[in-house]
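Have a look at the structure below, then the notes.
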Amino acid sequence: MTGGVKSITDRFKEEPLIPLGVAATVGAFTFASWGLFRGNMKNMQLGMRGRVVMQGLTVGALAWYGLYAATSSTTKKRREDVREIDWEAIEREAVAAEKAGKALAEAQKNTPSSVFAKETESKK
């Protein structure tokens with residue numbers, strides 16, 4: 001359980017605009033609900049418009065953090081750390097393995113595989 005809580009608190013520290021945006025959206029919605037409860041339509045409209053603005057800003061922050069994560073230097077560094085594939089070495093290893101397999105198959109072909117075959121050869 002602590003791992004999950006630690007992860008959430010780390011994310012709040014890394015991306016502080018998201019929880020702030022959610023809190024502001026909830027606050028605006030609460031303000032609008034209070035205006036509706038009191039019968040004050042002006043406050044209700046103001047709260048609902050504020051909610052829409054806060055939701056838009058929160059979604060914008062999410063998009064910004066996503067774009068930042070996709071283009072960050074750590075992502076580029078990870079791409080640079082990937083080494084190139086040496087196709088020639090792989091081909092050489094495959095050819096060597098194929099030759100070894102053929103040699104093994106030939107050796108098994110020339111050796112008798114059962115006790116009966118060994119007995120018949122010894123009688124000849």
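Simple scheme: letters A, B, ... for chains in structure tokens order, numbers from 1 for residues in each chain, numbers from 1 for ligands in the order shown.
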(message) Need to verify the contact set: Trp34 in chain A, 12 Å, only C-alpha atoms, exclusion of same-chain residues closer than 3 positions in sequence. Can you return it as a PyMOL selection string?
(response) chain A and resi 27-31+37-48
Convert the current residue selection to file output with N, CA, C and O atoms, as a PDB file, in the first residue's frame.
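Result saved to result_4.pdb:
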```pdb
ATOM      1  N   GLY A  27     -14.128  22.907  -6.705  1.00  0.00           N
ATOM      2  CA  GLY A  27     -14.537  24.133  -6.021  1.00  0.00           C
ATOM      3  C   GLY A  27     -15.545  24.934  -6.824  1.00  0.00           C
ATOM      4  O   GLY A  27     -16.534  25.434  -6.284  1.00  0.00           O
ATOM      5  N   ALA A  28     -15.317  25.064  -8.124  1.00  0.00           N
ATOM      6  CA  ALA A  28     -16.248  25.803  -8.977  1.00  0.00           C
ATOM      7  C   ALA A  28     -17.596  25.098  -9.049  1.00  0.00           C
ATOM      8  O   ALA A  28     -18.658  25.740  -9.021  1.00  0.00           O
ATOM      9  N   PHE A  29     -17.561  23.771  -9.116  1.00  0.00           N
ATOM     10  CA  PHE A  29     -18.813  23.022  -9.166  1.00  0.00           C
ATOM     11  C   PHE A  29     -19.578  23.158  -7.842  1.00  0.00           C
ATOM     12  O   PHE A  29     -20.806  23.285  -7.843  1.00  0.00           O
ATOM     13  N   THR A  30     -18.838  23.140  -6.746  1.00  0.00           N
ATOM     14  CA  THR A  30     -19.469  23.326  -5.432  1.00  0.00           C
ATOM     15  C   THR A  30     -20.097  24.715  -5.341  1.00  0.00           C
ATOM     16  O   THR A  30     -21.212  24.879  -4.817  1.00  0.00           O
ATOM     17  N   PHE A  31     -19.400  25.719  -5.848  1.00  0.00           N
ATOM     18  CA  PHE A  31     -19.931  27.088  -5.856  1.00  0.00           C
ATOM     19  C   PHE A  31     -21.223  27.149  -6.671  1.00  0.00           C
ATOM     20  O   PHE A  31     -22.207  27.778  -6.267  1.00  0.00           O
ATOM     21  N   PHE A  37     -28.689  25.803  -4.923  1.00  0.00           N
ATOM     22  CA  PHE A  37     -29.391  25.519  -3.667  1.00  0.00           C
ATOM     23  C   PHE A  37     -30.005  26.787  -3.082  1.00  0.00           C
ATOM     24  O   PHE A  37     -31.123  26.761  -2.572  1.00  0.00           O
ATOM     25  N   ARG A  38     -29.267  27.892  -3.176  1.00  0.00           N
ATOM     26  CA  ARG A  38     -29.761  29.169  -2.632  1.00  0.00           C
ATOM     27  C   ARG A  38     -30.739  29.866  -3.573  1.00  0.00           C
ATOM     28  O   ARG A  38     -31.363  30.853  -3.194  1.00  0.00           O
ATOM     29  N   GLY A  39     -30.821  29.384  -4.815  1.00  0.00           N
ATOM     30  CA  GLY A  39     -31.714  30.022  -5.775  1.00  0.00           C
ATOM     31  C   GLY A  39     -31.099  31.228  -6.456  1.00  0.00           C
ATOM     32  O   GLY A  39     -31.792  31.999  -7.113  1.00  0.00           O
ATOM     33  N   ASN A  40     -29.797  31.394  -6.319  1.00  0.00           N
ATOM     34  CA  ASN A  40     -29.094  32.511  -6.939  1.00  0.00           C
ATOM     35  C   ASN A  40     -28.536  32.036  -8.286  1.00  0.00           C
ATOM     36  O   ASN A  40     -27.470  31.454  -8.369  1.00  0.00           O
ATOM     37  N   MET A  41     -29.286  32.290  -9.345  1.00  0.00           N
ATOM     38  CA  MET A  41     -28.919  31.801 -10.665  1.00  0.00           C
ATOM     39  C   MET A  41     -27.649  32.459 -11.198  1.00  0.00           C
ATOM     40  O   MET A  41     -26.912  31.860 -11.977  1.00  0.00           O
ATOM     41  N   LYS A  42     -27.402  33.697 -10.791  1.00  0.00           N
ATOM     42  CA  LYS A  42     -26.191  34.382 -11.250  1.00  0.00           C
ATOM     43  C   LYS A  42     -24.949  33.652 -10.730  1.00  0.00           C
ATOM     44  O   LYS A  42     -24.006  33.397 -11.493  1.00  0.00           O
ATOM     45  N   ASN A  43     -24.941  33.280  -9.464  1.00  0.00           N
ATOM     46  CA  ASN A  43     -23.803  32.540  -8.907  1.00  0.00           C
ATOM     47  C   ASN A  43     -23.694  31.133  -9.502  1.00  0.00           C
ATOM     48  O   ASN A  43     -22.602  30.620  -9.715  1.00  0.00           O
ATOM     49  N   MET A  44     -24.857  30.533  -9.763  1.00  0.00           N
ATOM     50  CA  MET A  44     -24.828  29.211 -10.367  1.00  0.00           C
ATOM     51  C   MET A  44     -24.189  29.269 -11.760  1.00  0.00           C
ATOM     52  O   MET A  44     -23.321  28.462 -12.088  1.00  0.00           O
ATOM     53  N   GLN A  45     -24.592  30.239 -12.558  1.00  0.00           N
ATOM     54  CA  GLN A  45     -24.021  30.384 -13.899  1.00  0.00           C
ATOM     55  C   GLN A  45     -22.526  30.692 -13.832  1.00  0.00           C
ATOM     56  O   GLN A  45     -21.734  30.156 -14.597  1.00  0.00           O
ATOM     57  N   LEU A  46     -22.168  31.547 -12.910  1.00  0.00           N
ATOM     58  CA  LEU A  46     -20.758  31.894 -12.733  1.00  0.00           C
ATOM     59  C   LEU A  46     -19.948  30.656 -12.335  1.00  0.00           C
ATOM     60  O   LEU A  46     -18.860  30.406 -12.862  1.00  0.00           O
ATOM     61  N   GLY A  47     -20.497  29.855 -11.433  1.00  0.00           N
ATOM     62  CA  GLY A  47     -19.822  28.631 -11.001  1.00  0.00           C
ATOM     63  C   GLY A  47     -19.690  27.617 -12.125  1.00  0.00           C
ATOM     64  O   GLY A  47     -18.648  26.963 -12.270  1.00  0.00           O
ATOM     65  N   MET A  48     -20.722  27.455 -12.932  1.00  0.00           N
ATOM     66  CA  MET A  48     -20.663  26.496 -14.041  1.00  0.00           C
ATOM     67  C   MET A  48     -19.678  26.952 -15.111  1.00  0.00           C
ATOM     68  O   MET A  48     -18.950  26.133 -15.672  1.00  0.00           O
TER      69      MET A  48
END
```
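Comparing A:Glu88, A:Leu36, A:Ile18, A:Ser72 by their smallest distance to Val59 in chain A, the closest is A:Ile18 (using only C-alpha atoms).
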(request) For Thr25 in chain A, please output as a VMD selection string all residues within 8 Å (counting only C-alpha atoms; exclusion window: fewer than 6 positions along the same chain). (result) chain A and resid 50 to 52 54 to 55
Kindly save the residues from that selection, with N, CA and C atoms included, as an mmCIF file, in the first residue's frame.
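Resulting contents of result14.cif:
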```cif
data_model
loop_
_atom_site.group_PDB
_atom_site.id
_atom_site.type_symbol
_atom_site.label_atom_id
_atom_site.label_comp_id
_atom_site.auth_asym_id
_atom_site.auth_seq_id
_atom_site.Cartn_x
_atom_site.Cartn_y
_atom_site.Cartn_z
ATOM 1 N N GLY A 50 -17.086 28.810 -14.499
ATOM 2 C CA GLY A 50 -15.778 28.591 -13.878
ATOM 3 C C GLY A 50 -15.361 27.129 -13.928
ATOM 4 N N ARG A 51 -16.339 26.244 -13.758
ATOM 5 C CA ARG A 51 -16.055 24.814 -13.845
ATOM 6 C C ARG A 51 -15.550 24.432 -15.228
ATOM 7 N N VAL A 52 -16.193 24.976 -16.258
ATOM 8 C CA VAL A 52 -15.768 24.678 -17.625
ATOM 9 C C VAL A 52 -14.349 25.195 -17.865
ATOM 10 N N MET A 54 -11.996 25.743 -15.575
ATOM 11 C CA MET A 54 -11.050 24.947 -14.785
ATOM 12 C C MET A 54 -10.819 23.575 -15.405
ATOM 13 N N GLN A 55 -11.877 22.971 -15.928
ATOM 14 C CA GLN A 55 -11.710 21.681 -16.598
ATOM 15 C C GLN A 55 -10.838 21.829 -17.832
#
```
